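Q: Before I ask anything, let me first share the structure, which is written out below as structure tokens.
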Amino acid sequence: MDGIININKPREMTSFDIVAIVRRACSTKRVGHLGTLDPMAEGVLPVTIGRAGRIMDYLDTDIKVYRGSARLGIETDTLDIWGKTLNTRPVEDVNMSKLEEAVTNFSGVITQTPPMYSALKVKGKKLYEYAREGKEVDVKSRKIFVERAEIISFDGSEFEFEIACSKGTYIRSICADIGKALGCGAAMSSLIRTRSGCFELSDSVDIEKLQVMTSEDIESLLLPIDMPLPHLGRAEVSDWEKHLFINGVELRKNQWLELEKPRFADEEFPLPIRKEFTQLYRVYDRAGDFLGTAIENKGLIKADKVFYNANI
């Protein structure tokens with residue numbers, strides 16, 4: 001069984017909890033996911049089965065969309081309302097106009113320092129482990145890309161927002177920073193991931209439903225391994241070149257056909273990306289079967305990862 005299931009993760013479950021459920025349901029250990037959601041967050045969690053987990057390296061440019069809310073007048077150690085309260089302040093002279101003005105500072109390429117209560121590893125240890133031990137550690141800031149940040153509503157104490165951003169963005173941090181800009185503090189109070197790359201919340205499957213499905217029903221939900229890779233170029237090979245490709249032989253320019261260029265061969269991503277993203281292709285045989293990915297160099301292509309299963 002190889003493919004991706006778009007799961008709707010409920011609150012109060014970890015991403016690993018979801019992976020464990022899918023492992024039991026599919027009777028396989030080869031299950032992973034394409035981007036962690038905090039336990040109190042909900043929404044889109046693409047879960048990989050079998051060889052699909054190997055595509056993670058190609059998803060650095062995926063945009064994720066979140067809808068959530070934040071409460072003004074409070075600051076916590078975890079930057080959300082479920083953490084320990086560190087400070088409370090009155091919410092004065094804050095209106096929709098001031099909120100919208102504050103959020104304009106959080107668009108485009110910005111610098112963000114990951115919160116201490118996060119799963120990011122420093123020296124082989126997760127930051128939240130240091131935080132729980134009361135230890136301080138130097139956390140380096142990094143560049144993130146916010147494609148869009150909007151205030152949806154404001155009731156005087158909480159505001160609702162929608163943010164589209166790059167991988168590795170901490171929405172809790174943006175909420176807290178908006179609170180600082182307003183002078184009253186803020187803590188995230190809800191979060192739903194409505195899109196992750198090509199995966200939409202409207203197409204997701206509730207984990208409760210998946211738990212009572214048969215393996216045949218689950219297999220019918222599997223999305224193709226190459227579905228999240230439209231930003232890679234597309235190449236086609238004949239039957240003989242297919243045999244060479246899946247066995248790691250480099251193909252000359254006259255042995256493969258370019259159908260689409262890699263998106264980032266001509267288009268720039270707002271953040272630095274690996275050079276391979278300008279050279280990566282999805283490779284298919286003439287029947288349209290996905291064989292794997294390849295890196296092009298001076299007209300030659302060679303398999304980067306092979307996904308083709310000759311036994312199917």
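Residues in the structure tokens are numbered from 1 in each chain, the chains being A, B, ... in the order shown, and ligands are numbered from 1 in the order shown.
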Could you list, as a list in words, every residue within 7 Å of stretch 137-142 of chain A, counting only C-alpha atoms and ignoring same-chain residues fewer than 6 positions away?
A: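 Returned residues: Thr111, Gln112, Thr113 and Pro114 of chain A.
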Q: Taking 4 positions as the minimum chain separation for residues in the same chain, which residues sit within 7 Å of A:Gly68 when counting only C-alpha atoms? Answer as a compact mmCIF listing (two decimals) with N, CA and C atoms, in the first residue's frame.
A:
# COMPACT_ATOMS: atom_id res chain seq x y z
N GLU A 160 -10.15 37.08 14.82
CA GLU A 160 -10.03 35.90 13.96
C GLU A 160 -9.18 36.28 12.76
N PHE A 161 -8.34 35.37 12.31
CA PHE A 161 -7.39 35.68 11.24
C PHE A 161 -7.30 34.52 10.24
N GLU A 162 -6.69 34.83 9.10
CA GLU A 162 -6.31 33.80 8.13
C GLU A 162 -4.93 34.15 7.62
N SER A 190 -7.21 29.47 18.98
CA SER A 190 -7.66 28.35 18.14
C SER A 190 -6.86 28.37 16.85
N LEU A 191 -6.74 27.20 16.21
CA LEU A 191 -6.01 27.13 14.94
C LEU A 191 -6.49 25.93 14.12
N ILE A 192 -6.83 26.21 12.87
CA ILE A 192 -7.21 25.17 11.92
C ILE A 192 -6.36 25.33 10.67
Q: If you run DSSP on the backbone here, which positions in stretch 235-295 of chain A get alpha helix (DSSP H)? Please write them as a list of chain:residue names.
A: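 Matching residues for alpha helix (DSSP H) in stretch 235-295 of chain A are A:Asp239, A:Trp240, A:Glu241, A:Lys242, A:His243, A:Leu244, A:Phe245, A:Ile246, A:Arg263, A:Phe264, A:Ala265, A:Asp266.
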Q: Store the residues picked out above in a file with all heavy atoms, as a short mmCIF file (atom, residue, chain, number, x, y, z; two decimals), in the first residue's frame.
A:
data_model
loop_
_atom_site.label_atom_id
_atom_site.label_comp_id
_atom_site.auth_asym_id
_atom_site.auth_seq_id
_atom_site.Cartn_x
_atom_site.Cartn_y
_atom_site.Cartn_z
N ASP A 239 9.79 2.60 -23.12
CA ASP A 239 9.89 1.38 -22.31
C ASP A 239 11.34 0.99 -22.01
O ASP A 239 11.66 0.58 -20.89
CB ASP A 239 9.18 0.23 -23.02
CG ASP A 239 7.67 0.38 -22.98
OD1 ASP A 239 7.18 1.21 -22.18
OD2 ASP A 239 6.97 -0.30 -23.75
N TRP A 240 12.22 1.10 -23.00
CA TRP A 240 13.62 0.72 -22.77
C TRP A 240 14.30 1.70 -21.82
O TRP A 240 14.99 1.30 -20.88
CB TRP A 240 14.39 0.65 -24.09
CG TRP A 240 15.87 0.43 -23.90
CD1 TRP A 240 16.89 1.26 -24.24
CD2 TRP A 240 16.49 -0.70 -23.26
NE1 TRP A 240 18.10 0.73 -23.87
CE2 TRP A 240 17.88 -0.49 -23.27
CE3 TRP A 240 15.99 -1.88 -22.69
CZ2 TRP A 240 18.79 -1.39 -22.73
CZ3 TRP A 240 16.91 -2.78 -22.15
CH2 TRP A 240 18.28 -2.54 -22.17
N GLU A 241 14.06 2.99 -22.02
CA GLU A 241 14.64 3.99 -21.13
C GLU A 241 14.05 3.88 -19.72
O GLU A 241 14.72 4.19 -18.73
CB GLU A 241 14.42 5.40 -21.69
CG GLU A 241 15.43 5.81 -22.75
CD GLU A 241 15.24 5.10 -24.08
OE1 GLU A 241 14.08 4.75 -24.38
OE2 GLU A 241 16.25 4.90 -24.79
N LYS A 242 12.79 3.43 -19.63
CA LYS A 242 12.17 3.20 -18.32
C LYS A 242 13.00 2.18 -17.54
O LYS A 242 13.30 2.39 -16.35
CB LYS A 242 10.75 2.69 -18.52
CG LYS A 242 10.08 2.13 -17.28
CD LYS A 242 8.68 1.61 -17.63
CE LYS A 242 8.02 0.89 -16.49
NZ LYS A 242 6.63 0.45 -16.84
N HIS A 243 13.37 1.10 -18.20
CA HIS A 243 14.19 0.06 -17.56
C HIS A 243 15.52 0.62 -17.10
O HIS A 243 15.97 0.35 -15.98
CB HIS A 243 14.41 -1.09 -18.55
CG HIS A 243 15.40 -2.11 -18.08
ND1 HIS A 243 15.11 -3.06 -17.12
CD2 HIS A 243 16.70 -2.32 -18.42
CE1 HIS A 243 16.17 -3.80 -16.90
NE2 HIS A 243 17.15 -3.37 -17.67
N LEU A 244 16.13 1.45 -17.94
CA LEU A 244 17.41 2.05 -17.57
C LEU A 244 17.25 3.00 -16.39
O LEU A 244 18.04 2.99 -15.44
CB LEU A 244 17.99 2.80 -18.78
CG LEU A 244 18.34 1.97 -20.02
CD1 LEU A 244 18.82 2.89 -21.15
CD2 LEU A 244 19.41 0.93 -19.70
N PHE A 245 16.20 3.82 -16.45
CA PHE A 245 15.97 4.84 -15.42
C PHE A 245 15.80 4.22 -14.04
O PHE A 245 16.43 4.64 -13.07
CB PHE A 245 14.74 5.68 -15.79
CG PHE A 245 14.35 6.68 -14.73
CD1 PHE A 245 15.01 7.89 -14.62
CD2 PHE A 245 13.33 6.40 -13.83
CE1 PHE A 245 14.67 8.81 -13.64
CE2 PHE A 245 12.97 7.31 -12.84
CZ PHE A 245 13.65 8.52 -12.74
N ILE A 246 14.92 3.22 -13.93
CA ILE A 246 14.63 2.65 -12.60
C ILE A 246 15.81 1.85 -12.06
O ILE A 246 15.85 1.53 -10.88
CB ILE A 246 13.35 1.79 -12.62
CG1 ILE A 246 13.50 0.59 -13.54
CG2 ILE A 246 12.14 2.62 -13.00
CD1 ILE A 246 12.28 -0.34 -13.54
N ARG A 263 8.95 24.42 -12.17
CA ARG A 263 8.39 25.76 -11.94
C ARG A 263 9.48 26.76 -11.56
O ARG A 263 9.49 27.90 -12.03
CB ARG A 263 7.35 25.72 -10.82
CG ARG A 263 6.73 27.08 -10.50
CD ARG A 263 5.83 27.01 -9.28
NE ARG A 263 4.78 26.02 -9.44
CZ ARG A 263 3.99 25.61 -8.45
NH1 ARG A 263 4.16 26.09 -7.23
NH2 ARG A 263 3.05 24.71 -8.67
N PHE A 264 10.42 26.32 -10.74
CA PHE A 264 11.41 27.26 -10.22
C PHE A 264 12.65 27.36 -11.10
O PHE A 264 13.65 27.96 -10.70
CB PHE A 264 11.76 26.92 -8.77
CG PHE A 264 10.56 27.03 -7.87
CD1 PHE A 264 9.93 25.89 -7.38
CD2 PHE A 264 10.02 28.26 -7.58
CE1 PHE A 264 8.81 25.99 -6.57
CE2 PHE A 264 8.89 28.39 -6.79
CZ PHE A 264 8.28 27.24 -6.27
N ALA A 265 12.56 26.82 -12.32
CA ALA A 265 13.59 27.07 -13.31
C ALA A 265 13.44 28.50 -13.83
O ALA A 265 14.43 29.15 -14.19
CB ALA A 265 13.49 26.08 -14.46
N ASP A 266 12.22 29.00 -13.87
CA ASP A 266 11.94 30.34 -14.38
C ASP A 266 11.33 31.28 -13.34
O ASP A 266 11.24 32.48 -13.55
CB ASP A 266 10.96 30.26 -15.58
CG ASP A 266 11.53 29.46 -16.73
OD1 ASP A 266 12.72 29.63 -17.02
OD2 ASP A 266 10.79 28.66 -17.32
#
Q: Rounded to one decimal place, report the atom CA of A:Val22-atom CA of A:Gly3 distance in Å.
A: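 Taking atom CA of A:Val22 and atom CA of A:Gly3, their separation equals 12.4 Å.
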Q: I'd like the contact shell of stretch 41-47 of chain A - 10 Å cut-off, only C-alpha atoms, skipping same-chain residues fewer than 5 positions apart - returned as number ranges by chain.
A: A: 3-15, 18-19, 22, 31-36, 52-53, 64-68, 189-206, 222-223
Q: Find the residues around stretch 295-306 of chain A up to 6 Å (only C-alpha atoms counted), leave out those fewer than 2 positions away in its own chain, and share them as a list of chain:residue names.
A: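 After dropping sequence-adjacent residues, the list is A:Gly248, A:Glu250, A:Leu251, A:Arg252, A:Lys253, A:Gln279, A:Leu280, A:Gly292, A:Thr293, A:Tyr308.
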Q: Just to confirm, what's the straight-line distance from atom CA of A:Arg172 to atom CA of A:Glu208 in Å (one decimal)?
A: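 Rounded to one decimal, the two atoms are 27.2 Å apart.
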Q: Please identify all polymer residues within 8 Å of A:Asn95, counting only C-alpha atoms, omitting same-chain residues fewer than 3 positions from it, and present them as a list in words.
A: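 The residues that qualify are Lys98, Leu99, Phe154 and Gly156 of chain A.
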Q: Can you tell me, as a PyMOL selection string, what residues are no more than 10 Å from A:Met188 when counting only C-alpha atoms, ignoring any on the same chain fewer than 5 positions away?
A: chain A and resi 68-72+74-76+78-82+158-160+171-176+179
Q: Can you list, as an MDAnalysis selection string, all residues belonging to stretch 61-286 of chain A that DSSP tags as strand (DSSP E)?
A: chainID A and resid 63:72 74:76 85:88 108:112 121:122 125:126 142:154 158:166 186:196 199:200 205:206 233:237 257:260 280:285
Q: Would you mind telling me which residue in A:Ala294, A:Val109, A:Cys184, A:Met116 lies nearest to A:Pro272 when using only C-alpha atoms?
A: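 Of A:Ala294, A:Val109, A:Cys184, A:Met116, the one nearest A:Pro272 is A:Val109, counting only C-alpha atoms.
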Q: What does the structure give for the distance between atom CA of A:Tyr58 and atom CA of A:Leu229, in Å to one decimal?
A: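 The value is 7.3 Å.
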Q: Can you tell me which residues surround A:Glu147 at a distance of at most 10 Å, considering only C-alpha atoms, apart from same-chain residues fewer than 4 positions away, and format the answer as an NGL selection string?
A: :A and (63-65 or 106-109 or 163-166 or 270)
Q: Rank A:Arg89, A:Arg234, A:Lys261, A:Arg30 by their smallest atom-to-atom distance to A:Arg282, using only C-alpha atoms, and report the top residue only.
A: A:Arg234
Q: Given the choices A:Arg24, A:Arg51, A:Lys126, A:Lys180, which gets closest to A:Met1 if the distance is worked out from only C-alpha atoms?
A: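 Comparing A:Arg24, A:Arg51, A:Lys126, A:Lys180 against A:Met1, the winner is A:Arg51.
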